[in-house]
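What follows is the content of data.cif, which has mmCIF, C-alpha atoms:
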```cif
data_work
#
loop_
_atom_site.label_atom_id
_atom_site.label_comp_id
_atom_site.auth_asym_id
_atom_site.auth_seq_id
_atom_site.Cartn_x
_atom_site.Cartn_y
_atom_site.Cartn_z
CA MET U 1 170.38 118.94 52.76
CA ASP U 2 174.12 118.67 53.45
CA THR U 3 175.24 116.35 50.65
CA ASP U 4 178.77 116.21 52.12
CA ILE U 5 177.55 113.86 54.88
CA LYS U 6 178.48 110.35 53.76
CA VAL U 7 178.85 106.83 55.06
CA ASP U 8 182.26 105.17 55.38
CA ILE U 9 182.00 102.47 52.70
CA GLU U 10 185.28 100.89 53.77
CA ARG U 11 183.85 100.31 57.24
CA ILE U 12 180.68 98.76 55.80
CA LYS U 13 182.78 96.58 53.50
CA LYS U 14 184.98 95.41 56.36
CA ASN U 15 181.93 94.53 58.46
CA ILE U 16 180.15 92.63 55.68
CA LEU U 17 183.23 90.58 54.86
CA GLU U 18 183.89 89.89 58.54
CA LEU U 19 180.32 88.76 59.14
CA GLY U 20 180.57 86.63 55.98
CA LYS U 21 183.27 84.51 57.64
CA ILE U 22 180.75 83.29 60.23
CA GLY U 23 179.09 80.22 58.75
CA ALA U 24 181.32 80.32 55.65
CA THR U 25 181.07 77.25 53.40
CA GLU U 26 183.69 75.51 51.26
CA GLU U 27 181.99 76.93 48.16
CA ALA U 28 182.61 80.51 49.46
CA GLY U 29 178.97 80.88 50.46
CA VAL U 30 177.32 81.28 53.86
CA SER U 31 175.11 78.86 55.82
CA ARG U 32 173.61 80.71 58.75
CA PRO U 33 170.02 79.57 59.42
CA SER U 34 168.47 81.22 62.47
CA PHE U 35 169.42 79.72 65.86
CA SER U 36 172.10 77.50 64.30
CA LYS U 37 175.55 77.63 65.87
CA PRO U 38 176.87 80.06 63.20
CA ASP U 39 173.79 82.26 63.61
CA LEU U 40 174.22 82.41 67.38
CA GLU U 41 177.86 83.41 66.84
CA ALA U 42 176.80 86.07 64.31
CA ARG U 43 174.26 87.44 66.77
CA GLU U 44 176.94 87.94 69.41
CA TRP U 45 179.15 89.61 66.82
CA LEU U 46 176.36 92.01 65.84
CA LYS U 47 175.58 92.84 69.47
CA ASP U 48 179.23 93.78 70.00
CA MET U 49 179.14 95.96 66.86
CA ILE U 50 176.02 97.77 68.06
CA GLN U 51 177.50 98.49 71.46
CA SER U 52 180.87 99.55 70.03
CA ALA U 53 178.97 102.08 67.88
CA GLY U 54 177.60 103.61 71.10
CA LEU U 55 174.01 102.51 70.50
CA GLU U 56 171.60 101.08 73.05
CA LEU U 57 171.25 97.32 72.57
CA ARG U 58 168.03 95.38 73.07
CA VAL U 59 166.79 91.95 72.03
CA ASP U 60 163.10 91.03 72.00
CA GLY U 61 161.42 87.69 72.66
CA ALA U 62 161.77 86.55 69.04
CA GLY U 63 165.50 87.17 68.99
CA ASN U 64 165.21 90.35 66.92
CA ILE U 65 168.24 92.54 67.65
CA PHE U 66 168.04 96.35 67.82
CA GLY U 67 170.51 99.20 68.18
CA ARG U 68 168.87 102.46 69.30
CA MET U 69 169.62 106.16 69.36
CA PRO U 70 167.20 107.76 71.84
CA GLY U 71 164.95 110.68 70.98
CA GLU U 72 161.41 111.97 71.29
CA GLY U 73 158.34 110.79 69.38
CA LYS U 74 157.88 107.86 67.04
CA THR U 75 160.87 105.71 66.12
CA VAL U 76 162.43 105.77 62.65
CA MET U 77 163.70 102.25 61.93
CA THR U 78 165.93 100.63 59.34
CA GLY U 79 167.37 97.15 59.03
CA SER U 80 167.01 93.72 57.47
CA HIS U 81 168.29 90.27 58.57
CA ILE U 82 171.57 88.39 59.07
CA ASP U 83 170.30 84.81 58.70
CA SER U 84 170.88 83.05 55.38
CA VAL U 85 169.61 80.21 53.27
CA ILE U 86 171.84 77.13 53.21
CA ASN U 87 174.96 77.97 51.18
CA GLY U 88 173.68 81.43 50.34
CA GLY U 89 175.53 84.72 49.83
CA LYS U 90 177.14 87.41 51.96
CA PHE U 91 174.91 90.34 50.99
CA ASP U 92 171.26 89.24 51.15
CA GLY U 93 170.24 90.79 54.48
CA PRO U 94 173.60 91.82 56.00
CA ALA U 95 173.98 94.65 53.47
CA GLY U 96 170.84 96.28 54.91
CA VAL U 97 171.67 95.66 58.56
CA LEU U 98 175.26 96.86 58.34
CA ALA U 99 174.45 99.84 56.11
CA GLY U 100 171.79 100.80 58.67
CA LEU U 101 174.28 100.42 61.52
CA GLU U 102 176.73 102.64 59.65
CA CYS U 103 174.05 105.31 59.10
CA LEU U 104 173.25 105.51 62.81
CA ARG U 105 176.95 105.58 63.66
CA VAL U 106 177.49 108.55 61.29
CA ILE U 107 174.49 110.42 62.67
CA LYS U 108 175.74 109.89 66.22
CA ASP U 109 179.44 110.54 65.62
CA GLU U 110 178.85 113.62 63.44
CA LYS U 111 176.28 114.95 65.95
CA ILE U 112 173.74 115.43 63.19
CA ARG U 113 170.63 117.04 64.61
CA VAL U 114 167.67 114.66 64.75
CA THR U 115 164.86 114.68 67.28
CA LYS U 116 163.15 111.30 66.81
CA PRO U 117 164.59 107.99 68.00
CA LEU U 118 166.45 105.91 65.42
CA GLU U 119 166.84 102.13 65.43
CA VAL U 120 168.63 99.56 63.31
CA ALA U 121 167.08 96.07 63.39
CA ALA U 122 168.17 92.55 62.49
CA PHE U 123 165.06 90.39 62.24
CA THR U 124 165.07 86.65 62.98
CA ASP U 125 164.62 84.02 60.26
CA GLU U 126 163.60 86.19 57.33
CA GLU U 127 164.64 83.30 55.09
CA GLY U 128 162.09 80.86 56.49
CA ASN U 129 164.41 78.04 57.57
CA LEU U 130 162.22 77.51 60.64
CA VAL U 131 158.41 77.64 60.27
CA GLY U 132 157.60 79.92 57.36
CA ASP U 133 159.20 83.17 56.28
CA PHE U 134 159.54 86.28 58.45
CA LEU U 135 159.28 84.74 61.92
CA GLY U 136 161.01 87.73 63.53
CA SER U 137 159.19 90.54 61.76
CA ARG U 138 155.84 88.75 62.11
CA ALA U 139 156.43 88.37 65.85
CA PHE U 140 157.54 92.03 66.04
CA THR U 141 154.36 93.24 64.33
CA GLY U 142 152.07 90.90 66.27
CA THR U 143 151.03 88.97 63.15
CA MET U 144 152.63 85.64 64.11
CA VAL U 145 150.18 82.74 64.43
CA ARG U 146 150.98 80.48 67.38
CA GLU U 147 149.66 77.38 65.60
CA ALA U 148 152.34 77.87 62.94
CA LEU U 149 155.00 77.77 65.66
CA GLU U 150 153.51 74.73 67.37
CA ASN U 151 152.53 72.58 64.40
CA GLY U 152 155.07 73.39 61.71
CA LEU U 153 158.22 71.35 61.21
CA THR U 154 161.42 73.23 60.49
CA GLN U 155 163.30 72.38 57.30
CA PHE U 156 165.61 70.30 59.52
CA GLY U 157 162.73 67.92 60.26
CA VAL U 158 162.32 68.78 63.94
CA PRO U 159 159.81 70.98 65.77
CA LEU U 160 160.78 74.61 66.41
CA ASP U 161 160.52 74.00 70.15
CA ASP U 162 163.42 71.54 69.93
CA ILE U 163 165.66 74.14 68.26
CA LEU U 164 164.71 76.81 70.80
CA LYS U 165 165.93 74.62 73.66
CA ASN U 166 169.47 75.68 72.74
CA THR U 167 168.56 79.37 73.08
CA GLU U 168 167.10 81.84 75.56
CA PHE U 169 163.87 81.99 73.55
CA SER U 170 160.61 80.03 73.62
CA LEU U 171 157.29 79.88 71.81
CA ASP U 172 155.85 82.08 74.55
CA SER U 173 158.59 84.69 74.24
CA ILE U 174 158.18 84.81 70.45
CA MET U 175 154.45 85.47 70.80
CA GLN U 176 155.18 88.29 73.28
CA ALA U 177 157.74 90.06 71.09
CA ALA U 178 155.27 92.68 69.87
CA THR U 179 154.88 94.04 73.40
CA ASP U 180 158.41 95.50 73.11
CA ARG U 181 157.71 97.28 69.82
CA PRO U 182 158.08 101.06 69.89
CA GLU U 183 155.61 103.21 68.01
CA LEU U 184 157.08 103.60 64.53
CA GLU U 185 157.31 106.63 62.27
CA ALA U 186 158.61 104.65 59.28
CA PHE U 187 160.73 101.67 58.26
CA LEU U 188 163.31 101.64 55.44
CA GLU U 189 165.16 98.52 54.28
CA LEU U 190 168.18 98.50 51.99
CA HIS U 191 168.57 95.22 50.09
CA ILE U 192 170.14 93.72 47.01
CA GLU U 193 167.64 93.49 44.16
CA GLN U 194 167.98 89.70 43.63
CA GLY U 195 167.24 90.26 39.95
CA GLN U 196 168.74 91.86 36.84
CA VAL U 197 166.56 94.92 36.24
CA LEU U 198 168.87 97.53 37.79
CA GLU U 199 171.99 96.03 36.23
CA THR U 200 170.30 95.85 32.81
CA GLU U 201 169.06 99.44 33.07
CA GLU U 202 172.45 100.57 34.44
CA LYS U 203 170.88 102.19 37.51
CA PRO U 204 172.64 102.05 40.89
CA ILE U 205 169.45 102.64 42.88
CA GLY U 206 166.00 101.10 42.77
CA ILE U 207 163.12 102.59 44.74
CA VAL U 208 160.55 99.88 45.39
CA ASP U 209 156.94 100.82 44.70
CA ALA U 210 155.37 97.42 45.47
CA ILE U 211 156.23 94.04 47.00
CA ALA U 212 154.45 90.98 45.66
CA GLY U 213 152.23 88.85 47.86
CA LYS U 214 152.65 85.11 47.65
CA ASN U 215 151.04 81.76 48.37
CA TYR U 216 153.01 78.60 49.15
CA TRP U 217 151.00 75.40 48.65
CA MET U 218 151.91 71.78 49.32
CA CYS U 219 149.97 69.84 46.69
CA GLY U 220 149.37 66.30 45.53
CA PHE U 221 147.71 64.39 42.72
CA THR U 222 146.75 60.83 43.66
CA GLY U 223 145.89 58.17 41.13
CA LYS U 224 146.70 54.48 40.97
CA ALA U 225 150.07 52.80 40.72
CA GLY U 226 150.38 50.15 38.03
CA HIS U 227 152.89 47.99 36.18
CA ALA U 228 154.76 49.99 33.56
CA GLY U 229 154.77 47.10 31.12
CA THR U 230 151.22 45.82 31.43
CA THR U 231 148.96 48.78 32.27
CA PRO U 232 147.60 50.24 28.98
CA LEU U 233 148.23 53.97 28.52
CA GLU U 234 144.52 54.71 28.10
CA LEU U 235 143.67 53.00 31.41
CA ARG U 236 146.36 54.60 33.53
CA GLN U 237 145.62 56.94 36.43
CA ASP U 238 149.11 58.45 36.22
CA ALA U 239 149.60 61.09 38.91
CA PHE U 240 152.69 62.49 37.20
CA LEU U 241 150.82 63.16 33.96
CA GLY U 242 148.21 65.04 35.99
CA LEU U 243 150.97 67.19 37.50
CA ALA U 244 152.64 67.73 34.11
CA ASP U 245 149.33 68.75 32.53
CA PHE U 246 148.53 71.12 35.39
CA ALA U 247 152.03 72.65 35.38
CA LEU U 248 151.87 73.46 31.68
CA LYS U 249 148.30 74.79 31.80
CA GLY U 250 148.96 76.81 34.97
CA THR U 251 152.14 78.38 33.61
CA ARG U 252 150.47 79.25 30.31
CA TYR U 253 147.50 80.76 32.16
CA VAL U 254 149.65 83.01 34.38
CA ALA U 255 151.89 84.05 31.49
CA THR U 256 149.01 85.01 29.20
CA GLN U 257 146.28 86.19 31.58
CA HIS U 258 148.35 87.74 34.39
CA TYR U 259 151.64 88.79 32.82
CA GLY U 260 154.06 90.00 35.51
CA SER U 261 152.75 87.57 38.11
CA MET U 262 154.74 84.41 38.83
CA ILE U 263 154.12 80.68 39.22
CA THR U 264 156.74 78.09 40.19
CA PHE U 265 156.66 74.34 40.72
CA GLY U 266 159.66 74.04 42.98
CA ARG U 267 159.88 70.46 44.21
CA VAL U 268 158.35 67.22 42.89
CA GLN U 269 158.31 63.77 44.50
CA LEU U 270 156.81 60.74 42.77
CA PHE U 271 155.63 57.61 44.54
CA PRO U 272 156.49 54.72 44.43
CA GLY U 273 159.24 56.42 42.43
CA THR U 274 160.86 53.61 40.48
CA PHE U 275 161.47 52.56 36.89
CA SER U 276 158.75 50.00 36.34
CA ILE U 277 155.75 51.47 38.19
CA VAL U 278 153.27 54.07 36.97
CA PRO U 279 153.34 56.88 39.58
CA GLY U 280 150.35 56.60 41.89
CA CYS U 281 151.10 59.86 43.70
CA ALA U 282 152.81 63.11 42.72
CA GLU U 283 153.52 65.55 45.56
CA PHE U 284 154.80 69.03 44.71
CA THR U 285 155.21 72.60 45.92
CA LEU U 286 153.44 75.47 44.22
CA ASP U 287 154.52 79.10 44.63
CA PHE U 288 152.52 81.89 43.01
CA ARG U 289 152.92 85.65 43.43
CA SER U 290 151.49 88.98 42.37
CA THR U 291 151.79 92.65 43.31
CA SER U 292 147.98 92.90 43.00
CA GLY U 293 145.79 91.59 45.80
CA GLU U 294 142.91 91.15 43.37
CA THR U 295 145.09 89.14 40.99
CA LEU U 296 146.46 87.01 43.82
CA GLU U 297 142.92 86.07 44.87
CA GLU U 298 142.02 85.29 41.26
CA LEU U 299 145.09 83.06 40.96
CA LYS U 300 144.07 81.14 44.07
CA GLN U 301 140.59 80.46 42.72
CA ASP U 302 141.57 79.71 39.13
CA LEU U 303 144.58 77.50 39.88
CA MET U 304 142.55 75.43 42.32
CA ALA U 305 139.75 75.02 39.74
CA MET U 306 142.29 74.12 37.07
CA ALA U 307 143.92 71.46 39.27
CA LEU U 308 140.56 69.92 40.19
CA ASP U 309 139.48 69.88 36.55
CA THR U 310 142.77 68.19 35.55
CA ALA U 311 142.27 65.59 38.26
CA ALA U 312 138.70 64.85 37.13
CA ILE U 313 139.74 64.38 33.48
CA ARG U 314 142.55 61.98 34.39
CA GLY U 315 140.75 60.00 37.11
CA LEU U 316 142.82 61.49 39.94
CA THR U 317 142.18 63.33 43.18
CA PHE U 318 143.85 66.64 44.07
CA LYS U 319 144.59 68.15 47.46
CA ALA U 320 146.40 71.34 48.46
CA ARG U 321 147.41 72.83 51.78
CA THR U 322 148.53 76.45 52.27
CA MET U 323 151.92 76.53 53.97
CA ASP U 324 152.44 80.29 53.99
CA ALA U 325 150.86 83.41 52.51
CA THR U 326 151.57 87.13 52.43
CA GLU U 327 149.60 90.02 51.00
CA PRO U 328 150.99 92.45 48.40
CA VAL U 329 152.18 95.79 49.74
CA ARG U 330 152.31 99.12 47.93
CA ALA U 331 154.70 101.85 49.05
CA THR U 332 153.16 104.99 50.50
CA GLU U 333 153.42 108.15 48.44
CA ARG U 334 155.16 109.85 51.36
CA LEU U 335 158.16 107.51 51.32
CA LEU U 336 158.26 107.23 47.53
CA ALA U 337 158.42 111.01 47.23
CA LEU U 338 161.01 111.33 49.98
CA LEU U 339 163.34 108.72 48.45
CA LYS U 340 163.00 110.13 44.94
CA ASP U 341 163.64 113.69 46.14
CA THR U 342 166.65 112.57 48.18
CA CYS U 343 168.10 110.72 45.17
CA GLU U 344 167.75 113.84 43.05
CA HIS U 345 169.46 116.02 45.67
CA LEU U 346 172.33 113.54 45.92
CA GLY U 347 172.58 113.24 42.14
CA PHE U 348 172.02 109.48 42.07
CA PRO U 349 170.39 107.90 39.00
CA TYR U 350 167.45 105.74 40.04
CA MET U 351 164.34 103.95 38.83
CA THR U 352 161.20 102.61 40.49
CA LEU U 353 160.50 98.89 40.35
CA SER U 354 158.54 96.21 42.14
CA SER U 355 159.91 93.34 44.19
CA GLY U 356 158.88 89.79 43.40
CA ALA U 357 160.73 88.55 46.47
CA GLY U 358 159.31 88.99 49.96
CA HIS U 359 161.08 91.08 52.60
CA ASP U 360 160.74 92.15 56.22
CA ALA U 361 159.66 95.58 54.94
CA GLN U 362 156.53 93.89 53.60
CA ILE U 363 155.61 92.67 57.09
CA LEU U 364 156.48 96.00 58.75
CA ALA U 365 153.98 97.69 56.41
CA SER U 366 151.20 96.32 58.65
CA VAL U 367 152.26 98.71 61.45
CA THR U 368 153.95 101.68 59.75
CA ASP U 369 154.90 103.33 56.46
CA SER U 370 157.49 101.01 54.95
CA ASN U 371 159.65 101.03 51.85
CA MET U 372 162.83 99.61 50.31
CA ILE U 373 165.98 100.76 48.58
CA PHE U 374 167.41 98.23 46.10
CA ILE U 375 170.99 98.09 44.86
CA PRO U 376 172.07 95.87 41.94
CA CYS U 377 173.60 92.44 42.42
CA VAL U 378 175.98 91.07 39.81
CA ASP U 379 174.13 89.09 37.10
CA GLY U 380 171.04 89.17 39.33
CA ILE U 381 172.41 86.22 41.32
CA SER U 382 171.22 85.73 44.90
CA HIS U 383 170.83 82.88 47.41
CA SER U 384 174.11 81.55 46.04
CA PRO U 385 177.84 81.65 46.84
CA GLN U 386 178.16 83.63 43.58
CA GLU U 387 176.04 86.47 45.03
CA ASN U 388 178.03 89.70 44.64
CA ILE U 389 177.72 93.49 44.43
CA LEU U 390 179.72 96.54 43.38
CA TRP U 391 180.80 98.44 46.47
CA GLU U 392 180.15 101.79 44.78
CA ASP U 393 176.49 100.79 44.37
CA LEU U 394 176.23 99.92 48.06
CA GLU U 395 177.87 103.24 48.93
CA LYS U 396 175.21 105.14 46.98
CA GLY U 397 172.42 103.06 48.51
CA ALA U 398 173.76 103.60 52.03
CA ASP U 399 174.17 107.35 51.45
CA LEU U 400 170.57 107.50 50.23
CA LEU U 401 169.47 105.59 53.33
CA LEU U 402 171.49 107.91 55.58
CA HIS U 403 169.91 111.09 54.23
CA ALA U 404 166.43 109.60 54.15
CA LEU U 405 166.73 108.58 57.82
CA ILE U 406 167.92 112.07 58.74
CA ARG U 407 164.94 113.65 57.00
CA LEU U 408 162.48 111.25 58.64
CA ALA U 409 163.97 111.79 62.12
CA GLU U 410 164.22 115.59 62.01
#
```
Translate the structure described by the file into structure tokens.
Amino acid sequence: MDTDIKVDIERIKKNILELGKIGATEEAGVSRPSFSKPDLEAREWLKDMIQSAGLELRVDGAGNIFGRMPGEGKTVMTGSHIDSVINGGKFDGPAGVLAGLECLRVIKDEKIRVTKPLEVAAFTDEEGNLVGDFLGSRAFTGTMVREALENGLTQFGVPLDDILKNTEFSLDSIMQAATDRPELEAFLELHIEQGQVLETEEKPIGIVDAIAGKNYWMCGFTGKAGHAGTTPLELRQDAFLGLADFALKGTRYVATQHYGSMITFGRVQLFPGTFSIVPGCAEFTLDFRSTSGETLEELKQDLMAMALDTAAIRGLTFKARTMDATEPVRATERLLALLKDTCEHLGFPYMTLSSGAGHDAQILASVTDSNMIFIPCVDGISHSPQENILWEDLEKGADLLLHALIRLAE
């Protein structure tokens, strides 16, 4: 391994900061949901960057963007996404795409000998602003469900079909995206950690050994509204108290019986929602995650039973609807060993860790060996204008990615 081969971190930095101007917010964040005006501008910018690097450009039916170096055999792919949450950060996604672009540029410009094709990818709507997370990578792998495209409302309150009218894409083209997929040798994604483990442990590199699966539920307890001044406490069918009881019991259960798994009650709406009326309905979101498929299934069964039991005790009804779900993914030994060995050759301190957040690499694991390289983010902050990194950490992560791609494509 020629450890003198390195990325140009100044070029990556320039590109990340330039891309960060597209969709910039007053709070110094980025708002670039897929197929919004800023996202469409960013897509054109990225296409120009791919072509200026001398790579072959292609775009599939889901809007996934690829830059390709031709070769023989299965394709070695890297990448991430360039869409963002509303008022998010500059690094979640773009760091992986632009580090991948830099790696392919170095391999091409330095005439490094590889035989297999190499591609860098930017997948559509990883952040789930449209109809569930990972629209682009799910379409790419052929795991997209058409009913989700047709029946789901985007977070902007309109059907996806309405948003697509401003683009060259359609529901049909999204469902056909997998027909353009090359046969893959492996997929590697560089990403910020979105947590504090690496920073706390003072490690510049994290090698991901597992990505948690998740369930998103839309839930509701329904009871009976009543006058706040005249309905006795013992006779109330208070939907909020049912939710509060369930939230405490559910959190205690996950913390004590499945330590390391996660449960989050993210949004709560009470109806009628006023001072003087006992809440007759409590609607809420429930997010639970685990790196174990067996544990995730147990959480589904036990949390549902717990909610129904809470409802029965308090004279309520409970309903839940699954909005999105992913399965846990474990890294293959082949890629774990390759990344660890490459780190050791380059002299980079590293540690293995799991990811509680979902990523495109998780979806790509359904069609190829897939793994992730994490770099620290300052104070673990992500999905925020305060999201930040140390450039020397990104340089190490990109150099690791570069050498791993070379080894995979030999």
Can you turn the PyMOL selection byres ((chain U and resi 381) around 12) into a concrete residue list for this file, as a ChimeraX atom specification?
/U:88-92,192-197,199,376-380,382-389
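Going from atom CA of U:Glu27 to atom CA of U:Leu101 covers 28.1 Å.
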Quick one: distance from atom CA of U:Pro33 to atom CA of U:Ile86 in Å, one decimal?
6.9 Å
Using all atoms listed in the file, which residues sit within 7 Å of U:Ile12 once same-chain residues fewer than 5 positions away are excluded, as a PDB file with C-alpha atoms, in the coordinates of the input?
```
ATOM      1  CA  LEU U  98     175.260  96.860  58.340  1.00  0.00           C
ATOM      2  CA  ALA U  99     174.450  99.840  56.110  1.00  0.00           C
ATOM      3  CA  GLU U 102     176.730 102.640  59.650  1.00  0.00           C
TER       4      GLU U 102
END
```
Which value, in Å to one decimal, gives the distance between atom CA of U:Lys37 and atom CA of U:Leu164?
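Computing it gives 11.9 Å between the two atoms.
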Show me, as a list of chain:residue names, the residues that have an atom within 6 Å of stretch 48-52 of chain U when counting all atoms listed in the file, minus same-chain residues fewer than 3 positions from it.
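With the cut-off at 6 Å, the set is U:Trp45, U:Leu55, U:Gly67.
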If we count all atoms listed in the file, what is near U:Val278 at a cut-off of 9 Å, once residues fewer than 5 positions away on the same chain are taken out, given as a PyMOL selection string?
chain U and resi 224-228+231+236-240+271-273
Each residue of stretch 19-131 of chain U lying at most 10 Å from stretch 135-156 of chain U should get a row with its shortest atom-to-atom pair and the distance in Å to one decimal, counting all atoms listed in the file; could you produce that, ordered by chain and increasing number, as JSON lines?
```
{"residue": "U:Ser34", "atom": "CA", "partner": "U:Leu135", "partner_atom": "CA", "distance": 9.9}
{"residue": "U:Asp60", "atom": "CA", "partner": "U:Phe140", "partner_atom": "CA", "distance": 8.2}
{"residue": "U:Gly61", "atom": "CA", "partner": "U:Ala139", "partner_atom": "CA", "distance": 8.5}
{"residue": "U:Ala62", "atom": "CA", "partner": "U:Gly136", "partner_atom": "CA", "distance": 5.7}
{"residue": "U:Gly63", "atom": "CA", "partner": "U:Gly136", "partner_atom": "CA", "distance": 7.1}
{"residue": "U:Asn64", "atom": "CA", "partner": "U:Gly136", "partner_atom": "CA", "distance": 6.0}
{"residue": "U:Ile65", "atom": "CA", "partner": "U:Gly136", "partner_atom": "CA", "distance": 9.6}
{"residue": "U:Ser80", "atom": "CA", "partner": "U:Ser137", "partner_atom": "CA", "distance": 9.5}
{"residue": "U:His81", "atom": "CA", "partner": "U:Gly136", "partner_atom": "CA", "distance": 9.2}
{"residue": "U:Ala121", "atom": "CA", "partner": "U:Ser137", "partner_atom": "CA", "distance": 9.8}
{"residue": "U:Ala122", "atom": "CA", "partner": "U:Gly136", "partner_atom": "CA", "distance": 8.7}
{"residue": "U:Phe123", "atom": "CA", "partner": "U:Gly136", "partner_atom": "CA", "distance": 5.0}
{"residue": "U:Thr124", "atom": "CA", "partner": "U:Gly136", "partner_atom": "CA", "distance": 4.2}
{"residue": "U:Asp125", "atom": "CA", "partner": "U:Leu135", "partner_atom": "CA", "distance": 5.6}
{"residue": "U:Glu126", "atom": "CA", "partner": "U:Leu135", "partner_atom": "CA", "distance": 6.5}
{"residue": "U:Glu127", "atom": "CA", "partner": "U:Leu135", "partner_atom": "CA", "distance": 8.8}
{"residue": "U:Gly128", "atom": "CA", "partner": "U:Leu135", "partner_atom": "CA", "distance": 7.2}
{"residue": "U:Asn129", "atom": "CA", "partner": "U:Gln155", "partner_atom": "CA", "distance": 5.8}
{"residue": "U:Leu130", "atom": "CA", "partner": "U:Thr154", "partner_atom": "CA", "distance": 4.4}
{"residue": "U:Val131", "atom": "CA", "partner": "U:Thr154", "partner_atom": "CA", "distance": 5.3}
```
The selected residues should be written to file as a CSV table (one decimal), in the frame of the given file (atoms: C-alpha atoms).
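File part_3.csv, as written:
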```csv
chain,number,residue,atom,x,y,z
U,34,SER,CA,168.5,81.2,62.5
U,60,ASP,CA,163.1,91.0,72.0
U,61,GLY,CA,161.4,87.7,72.7
U,62,ALA,CA,161.8,86.6,69.0
U,63,GLY,CA,165.5,87.2,69.0
U,64,ASN,CA,165.2,90.4,66.9
U,65,ILE,CA,168.2,92.5,67.6
U,80,SER,CA,167.0,93.7,57.5
U,81,HIS,CA,168.3,90.3,58.6
U,121,ALA,CA,167.1,96.1,63.4
U,122,ALA,CA,168.2,92.6,62.5
U,123,PHE,CA,165.1,90.4,62.2
U,124,THR,CA,165.1,86.6,63.0
U,125,ASP,CA,164.6,84.0,60.3
U,126,GLU,CA,163.6,86.2,57.3
U,127,GLU,CA,164.6,83.3,55.1
U,128,GLY,CA,162.1,80.9,56.5
U,129,ASN,CA,164.4,78.0,57.6
U,130,LEU,CA,162.2,77.5,60.6
U,131,VAL,CA,158.4,77.6,60.3
```
Best match for closeness to U:Ile174 among U:Leu390, U:Met306, U:Ala95, U:Val59, counting all atoms listed in the file:
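Answer, going by the shortest atom-to-atom distance: U:Val59.
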Run the PyMOL selection byres ((chain U and resi 363) around 8) on the file and write out the hits as a PyMOL selection string.
chain U and resi 134+137-138+141+359-362+364-366
Determine the nearest neighbour of U:Pro70 from the options U:Ser173, U:Asn87, U:Thr115, U:Ser370, counting only C-alpha atoms.
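For U:Pro70, the nearest of the given residues is U:Thr115.
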Of the residues U:Arg252, U:Glu392, U:Val367, U:Val208, which is the one nearest to U:Ala178, using all atoms listed in the file?
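Closest residue, counting all atoms listed in the file: U:Val367.
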Going by the chain IDs and residue numbers used in this file, which residues fall under the PyMOL selection byres ((chain U and resi 118) around 8)? Write them as a ChimeraX atom specification.
/U:68-71,75-77,104,116-117,119-120,409
What's the 10 Å shell around U:Lys214, counting only C-alpha atoms, without same-chain residues fewer than 2 positions away, as a ChimeraX atom specification?
/U:211-212,216-217,261-263,287-291,293,296,324-328,356-358
For U:Lys249: contacts at 10 Å, only C-alpha atoms, fewer than 5 positions along chain excluded, given as a ChimeraX atom specification:
/U:243-244,254-255,303,306-307,310
Dump stretch 48-59 of chain U with C-alpha atoms to a file, as a compact mmCIF listing (two decimals), in the first residue's frame.
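The new file selection29.txt reads:
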```
# COMPACT_ATOMS: atom_id res chain seq x y z
CA ASP U 48 -20.98 19.95 -13.02
CA MET U 49 -18.48 18.82 -10.37
CA ILE U 50 -18.70 15.21 -11.53
CA GLN U 51 -18.14 16.13 -15.14
CA SER U 52 -15.31 18.55 -14.34
CA ALA U 53 -13.58 15.67 -12.51
CA GLY U 54 -13.65 13.70 -15.79
CA LEU U 55 -16.17 11.12 -14.58
CA GLU U 56 -19.10 9.70 -16.52
CA LEU U 57 -22.35 11.25 -15.29
CA ARG U 58 -25.65 9.39 -15.04
CA VAL U 59 -28.93 10.00 -13.23
```
